[in-house]
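A.B. asks: After the structure tokens below, expect a handful of questions from me.
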Amino acid sequence: MRKSILLGACLLGGLLASAQTSVVKDVEHQLKGGTPDYAAAMKNIQPALTNPETSGIYTPWYLAGKAGFGMYDDLYKKEMVQGQISNDEKKAAGHAVMDAVGYFKKGITLPDEKGKTPNKKAKEMTKRLSEAYKDLYRSGFWLIQAQDYPGAYDAWEMYCQLPQDAQLGKDAPTADHDTIVGQTNFYQALAAFYNQKYEPAVAKVREAMKRGFSNVDLYRVGLQSASEARDTTALIEFAEAGNRDFGSQEIAFIGTLINLQLAKNEYAKCHQYVNEALEQTPADSTKFRAQLITVRGAVYDQEGNEAKALEAFNEALSLDPNYARAYLLKGNSIYQAAAKADEASSSTVLSEDVKNQFLEAAKLFERAYELAPDEMTQIPNVLYRLYYHLGQGYEADAEKWQNM
């Protein structure tokens, strides 16, 4: 009985092995037709990639790679003819070419059925891998358009690494210029950021910088990623680089540097940053100068110098009467002063001076909200509490802002 069971197992193993060999032959025939079904071939070949009888020779890997590149090529041609393909098709094409690269890289290393290496398809596979350099680059864009951020990151990573692939040797593709590769690192940083992978995003911003790529969005992504990753070293690095290259276009860079100094109560350094930036900003750049002077007001406010803070906010608003943040910070400065005076008072009734300060702050908050409601989402709640605190006579105002 035991002998027959073992014999049955051997027969079953032989049948399975024979089945996998048959799969390989079937897929070979599938790919030789005039209009091959590459997607079906890719699906059908999968068992042969894991079966011990077939996975150790190049053939199934070559067929899988051929199917993957065929899927990609068909969709690329479709886009050329129709002008566009769907996001699902972009995702399928991007993953097909990445998978095909992996299959061919594996296939090159394997012998044929007789154990001979290199196998007879090794040159063909090597040549197609070199040609895949631009395909991977394009695939990254397709995948990010399809919001497949991990896929886009990986496609561009393969693009960046392929020219240095020792397996391809002299047949490896010539790398694009550093500025193009650096820009691709920036795209990877974006993909990682969108995927909430902040540490890889920080690393790719650094790679882009090392390759000489620089634009304002690179440093914006760097700042946000470093902030999310709580990487203070990177935060300073990107803020300083952004401020150096684009300090007259983007307030966030110097704002970040100042916030880091404010956290340490280094007010003199904060004023130095603002003064240097103002010296480098043309007099006719009134909007940007207004932003810088508003930052100066915020520094004075944190120092406790209310008079200087209000002076700065007024100067900023004289340059840009529609700068919402200046209204917000001026209103907050007045509000805080009124709140302190109210708290220090022994009276249960607001003095006229304090009441007028609260009302002045309220008007400034309302103006800020009117100018930038999408940015000032905290203001309705602030105004509700302010008017509620004012009490009798302001119930309608409190209700209005409570319901905003």
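Residues in the structure tokens are named by chain (A, B, ... in the order shown) and by number from 1 within that chain; ligands are numbered from 1 in the order shown.
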A:Lys264: which residues within 12 Å, counting only C-alpha atoms, same-chain residues fewer than 6 positions away excluded, as a list of chain:residue names?
C.D. replies: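 That gives A:Leu257, A:Ile258, A:Cys270, A:Gln302, A:Glu303.
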A.B. asks: What's the 9 Å shell around A:Met158, counting only C-alpha atoms, without same-chain residues fewer than 2 positions away, as a list in words?
C.D. replies: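 Answer for this query is Met98, Val101, Tyr133, Leu136, Tyr137, Tyr153, Asp154, Ala155, Trp156, Cys160, Gln161 and Leu162 of chain A.
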A.B. asks: For the selection you just gave me, I'd like the residues written to a file as an mmCIF file, in the first residue's frame, keeping N, CA, C and O atoms.
C.D. replies:
```cif
data_model
loop_
_atom_site.group_PDB
_atom_site.id
_atom_site.type_symbol
_atom_site.label_atom_id
_atom_site.label_comp_id
_atom_site.auth_asym_id
_atom_site.auth_seq_id
_atom_site.Cartn_x
_atom_site.Cartn_y
_atom_site.Cartn_z
ATOM 1 N N MET A 98 7.869 47.771 -15.692
ATOM 2 C CA MET A 98 8.719 47.492 -14.530
ATOM 3 C C MET A 98 8.874 45.993 -14.301
ATOM 4 O O MET A 98 9.970 45.493 -14.028
ATOM 5 N N VAL A 101 11.193 44.490 -16.964
ATOM 6 C CA VAL A 101 12.610 44.735 -16.664
ATOM 7 C C VAL A 101 13.106 43.698 -15.654
ATOM 8 O O VAL A 101 14.186 43.104 -15.814
ATOM 9 N N TYR A 133 15.132 52.277 -20.702
ATOM 10 C CA TYR A 133 15.502 53.468 -19.926
ATOM 11 C C TYR A 133 14.466 54.568 -20.083
ATOM 12 O O TYR A 133 13.935 55.099 -19.091
ATOM 13 N N LEU A 136 10.877 53.581 -18.727
ATOM 14 C CA LEU A 136 10.719 53.728 -17.280
ATOM 15 C C LEU A 136 10.470 55.185 -16.908
ATOM 16 O O LEU A 136 9.654 55.481 -16.027
ATOM 17 N N TYR A 137 11.173 56.082 -17.577
ATOM 18 C CA TYR A 137 10.991 57.517 -17.329
ATOM 19 C C TYR A 137 9.547 57.921 -17.627
ATOM 20 O O TYR A 137 8.881 58.572 -16.818
ATOM 21 N N TYR A 153 7.250 56.306 -7.989
ATOM 22 C CA TYR A 153 8.545 56.384 -7.302
ATOM 23 C C TYR A 153 9.454 55.241 -7.764
ATOM 24 O O TYR A 153 10.627 55.450 -8.093
ATOM 25 N N ASP A 154 8.915 54.025 -7.813
ATOM 26 C CA ASP A 154 9.719 52.860 -8.186
ATOM 27 C C ASP A 154 10.152 52.909 -9.644
ATOM 28 O O ASP A 154 11.288 52.528 -9.977
ATOM 29 N N ALA A 155 9.259 53.356 -10.537
ATOM 30 C CA ALA A 155 9.620 53.444 -11.958
ATOM 31 C C ALA A 155 10.781 54.409 -12.156
ATOM 32 O O ALA A 155 11.737 54.123 -12.893
ATOM 33 N N TRP A 156 10.702 55.562 -11.505
ATOM 34 C CA TRP A 156 11.789 56.541 -11.633
ATOM 35 C C TRP A 156 13.070 56.051 -10.955
ATOM 36 O O TRP A 156 14.169 56.378 -11.397
ATOM 37 N N CYS A 160 16.657 55.764 -12.758
ATOM 38 C CA CYS A 160 17.898 56.351 -12.248
ATOM 39 C C CYS A 160 19.012 55.315 -12.107
ATOM 40 O O CYS A 160 20.192 55.629 -12.296
ATOM 41 N N GLN A 161 18.641 54.081 -11.772
ATOM 42 C CA GLN A 161 19.639 53.052 -11.482
ATOM 43 C C GLN A 161 20.113 52.288 -12.715
ATOM 44 O O GLN A 161 21.222 51.747 -12.710
ATOM 45 N N LEU A 162 19.320 52.228 -13.779
ATOM 46 C CA LEU A 162 19.641 51.371 -14.927
ATOM 47 C C LEU A 162 20.995 51.673 -15.575
ATOM 48 O O LEU A 162 21.721 50.744 -15.935
#
```
A.B. asks: Write out as an mmCIF file with N, CA and C atoms, in the first residue's frame the residues lying within 8 Å of A:Ile45, counting only C-alpha atoms and excluding same-chain residues fewer than 6 positions away.
C.D. replies:
```
data_model
loop_
_atom_site.group_PDB
_atom_site.id
_atom_site.type_symbol
_atom_site.label_atom_id
_atom_site.label_comp_id
_atom_site.auth_asym_id
_atom_site.auth_seq_id
_atom_site.Cartn_x
_atom_site.Cartn_y
_atom_site.Cartn_z
ATOM 1 N N VAL A 23 2.732 24.683 -20.200
ATOM 2 C CA VAL A 23 2.368 26.097 -20.071
ATOM 3 C C VAL A 23 3.362 26.968 -20.826
ATOM 4 N N VAL A 24 4.637 26.673 -20.654
ATOM 5 C CA VAL A 24 5.681 27.453 -21.323
ATOM 6 C C VAL A 24 5.503 27.379 -22.840
ATOM 7 N N VAL A 27 2.456 29.397 -23.993
ATOM 8 C CA VAL A 27 2.699 30.839 -23.998
ATOM 9 C C VAL A 27 3.609 31.228 -25.164
ATOM 10 N N PRO A 60 10.839 30.829 -19.329
ATOM 11 C CA PRO A 60 9.633 31.497 -18.802
ATOM 12 C C PRO A 60 9.871 32.954 -18.450
ATOM 13 N N LEU A 63 9.757 34.898 -21.675
ATOM 14 C CA LEU A 63 8.376 35.034 -22.156
ATOM 15 C C LEU A 63 7.591 36.039 -21.325
ATOM 16 N N ALA A 64 7.819 36.002 -19.996
ATOM 17 C CA ALA A 64 7.118 36.956 -19.127
ATOM 18 C C ALA A 64 7.550 38.384 -19.452
#
```
A.B. asks: Check the smallest atom-to-atom distance from each of A:Ile57, A:Ile144, A:Leu364, A:Val202 to A:Gly107 using only C-alpha atoms, then report the winner.
C.D. replies: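 Using only C-alpha atoms, the shortest distance to A:Gly107 belongs to A:Ile57.
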A.B. asks: Which residues, written as a list in words, have at least one atom at most 12 Å from A:Lys363, with only C-alpha atoms counted and residues fewer than 3 positions away on the same chain left out?
C.D. replies: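 Residues near the query, excluding close chain neighbours: Tyr327, Leu328, Lys330, Gly331, Asn332, Ile334, Tyr335, Asn356, Gln357, Phe358, Leu359, Glu360, Glu366, Arg367, Ala368, Tyr369, Glu370, Ile379, Val382, Leu383, Leu386, Tyr387 and Asp397 of chain A.
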A.B. asks: Could you list, as a ChimeraX atom specification, every residue within 12 Å of stretch 166-173 of chain A, counting only C-alpha atoms and ignoring same-chain residues fewer than 6 positions away?
C.D. replies: /A:101,104-109,122-135,159-160
A.B. asks: Work out how far apart atom CA of A:Glu113 and atom CA of A:Asn51 are and give it in Å to one decimal.
C.D. replies: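 Between atom CA of A:Glu113 and atom CA of A:Asn51 the gap works out to 14.4 Å.
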A.B. asks: Work out how far apart atom CA of A:Leu75 and atom CA of A:Gln188 are and give it in Å to one decimal.
C.D. replies: 23.3 Å
A.B. asks: Find the residues around A:Leu292 up to 7 Å (only C-alpha atoms counted), leave out those fewer than 4 positions away in its own chain, and share them as a PDB file with N, CA and C atoms, in the first residue's frame.
C.D. replies:
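That gives us out-v2.pdb:
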```
ATOM      1  N   VAL A 274      15.225  89.252   8.576  1.00  0.00           N
ATOM      2  CA  VAL A 274      14.265  90.134   7.913  1.00  0.00           C
ATOM      3  C   VAL A 274      14.983  91.303   7.247  1.00  0.00           C
ATOM      4  N   PHE A 288       5.734  91.499  -1.586  1.00  0.00           N
ATOM      5  CA  PHE A 288       6.689  90.671  -0.857  1.00  0.00           C
ATOM      6  C   PHE A 288       7.285  91.447   0.319  1.00  0.00           C
ATOM      7  N   ARG A 296       8.340  90.756  10.469  1.00  0.00           N
ATOM      8  CA  ARG A 296       9.022  91.600  11.473  1.00  0.00           C
ATOM      9  C   ARG A 296       8.059  91.946  12.615  1.00  0.00           C
TER      10      ARG A 296
END
```
A.B. asks: Quick one: pull the distance between atom CA of A:Thr256 and atom CA of A:Ala229, Å, one decimal.
C.D. replies: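 It comes out at 15.0 Å.
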A.B. asks: Which is closest to A:Ala192 among A:Ala396, A:Ala175, A:Ala152, A:Leu390, if we use only C-alpha atoms?
C.D. replies: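 Closest to A:Ala192, using only C-alpha atoms: A:Ala152.
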A.B. asks: Within 12 Å of A:Arg220, counting only C-alpha atoms, which residues show up once you throw out same-chain ones fewer than 4 positions away? Write them as a PyMOL selection string, please.
C.D. replies: chain A and resi 186+189-190+193+201-202+205+214-216+224-227+235+237-243+246-247+249-254+256
A.B. asks: Please produce a file of those selected residues containing C-alpha atoms, as a compact mmCIF listing (two decimals), in the first residue's frame.
C.D. replies:
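Heads up, here's the output in part19.txt:
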```
# COMPACT_ATOMS: atom_id res chain seq x y z
CA PHE A 186 12.33 65.90 -7.48
CA ALA A 189 10.20 63.42 -3.80
CA LEU A 190 6.72 64.53 -4.89
CA PHE A 193 5.30 63.12 -0.29
CA ALA A 201 10.95 62.45 0.13
CA VAL A 202 13.63 64.27 2.17
CA VAL A 205 15.18 66.34 -2.34
CA SER A 214 16.84 73.75 -8.16
CA ASN A 215 13.37 75.22 -8.31
CA VAL A 216 11.08 76.78 -5.76
CA GLN A 224 6.90 70.14 4.08
CA SER A 225 8.51 66.71 4.05
CA ALA A 226 11.16 67.65 6.61
CA SER A 227 8.48 69.18 8.82
CA LEU A 235 14.32 71.70 7.62
CA GLU A 237 19.05 72.87 5.10
CA PHE A 238 16.08 73.28 2.74
CA ALA A 239 14.97 76.60 4.22
CA GLU A 240 18.46 78.07 3.83
CA ALA A 241 18.82 76.78 0.26
CA GLY A 242 15.32 77.95 -0.68
CA ASN A 243 15.90 81.34 0.88
CA PHE A 246 14.18 81.96 -4.12
CA GLY A 247 14.00 84.16 -1.05
CA GLN A 249 9.59 84.72 -4.28
CA GLU A 250 8.58 82.64 -1.28
CA ILE A 251 8.14 83.87 2.29
CA ALA A 252 8.02 80.32 3.70
CA PHE A 253 11.79 79.88 3.56
CA ILE A 254 12.74 82.85 5.69
CA THR A 256 10.81 78.80 8.63
```
A.B. asks: Return as an MDAnalysis selection string the full set of residues in stretch 153-303 of chain A whose backbone-based DSSP assignment is helix (DSSP H, G or I).
C.D. replies: chainID A and resid 153:164 169:171 178:194 198:210 216:229 232:246 251:262 267:280 286:303
A.B. asks: Under the rule that only C-alpha atoms are counted, which of A:Ser22, A:Ala290, A:Thr232, A:Glu399 is the nearest residue to A:Glu53?
C.D. replies: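 Among A:Ser22, A:Ala290, A:Thr232, A:Glu399, it is A:Ser22 that comes nearest to A:Glu53.
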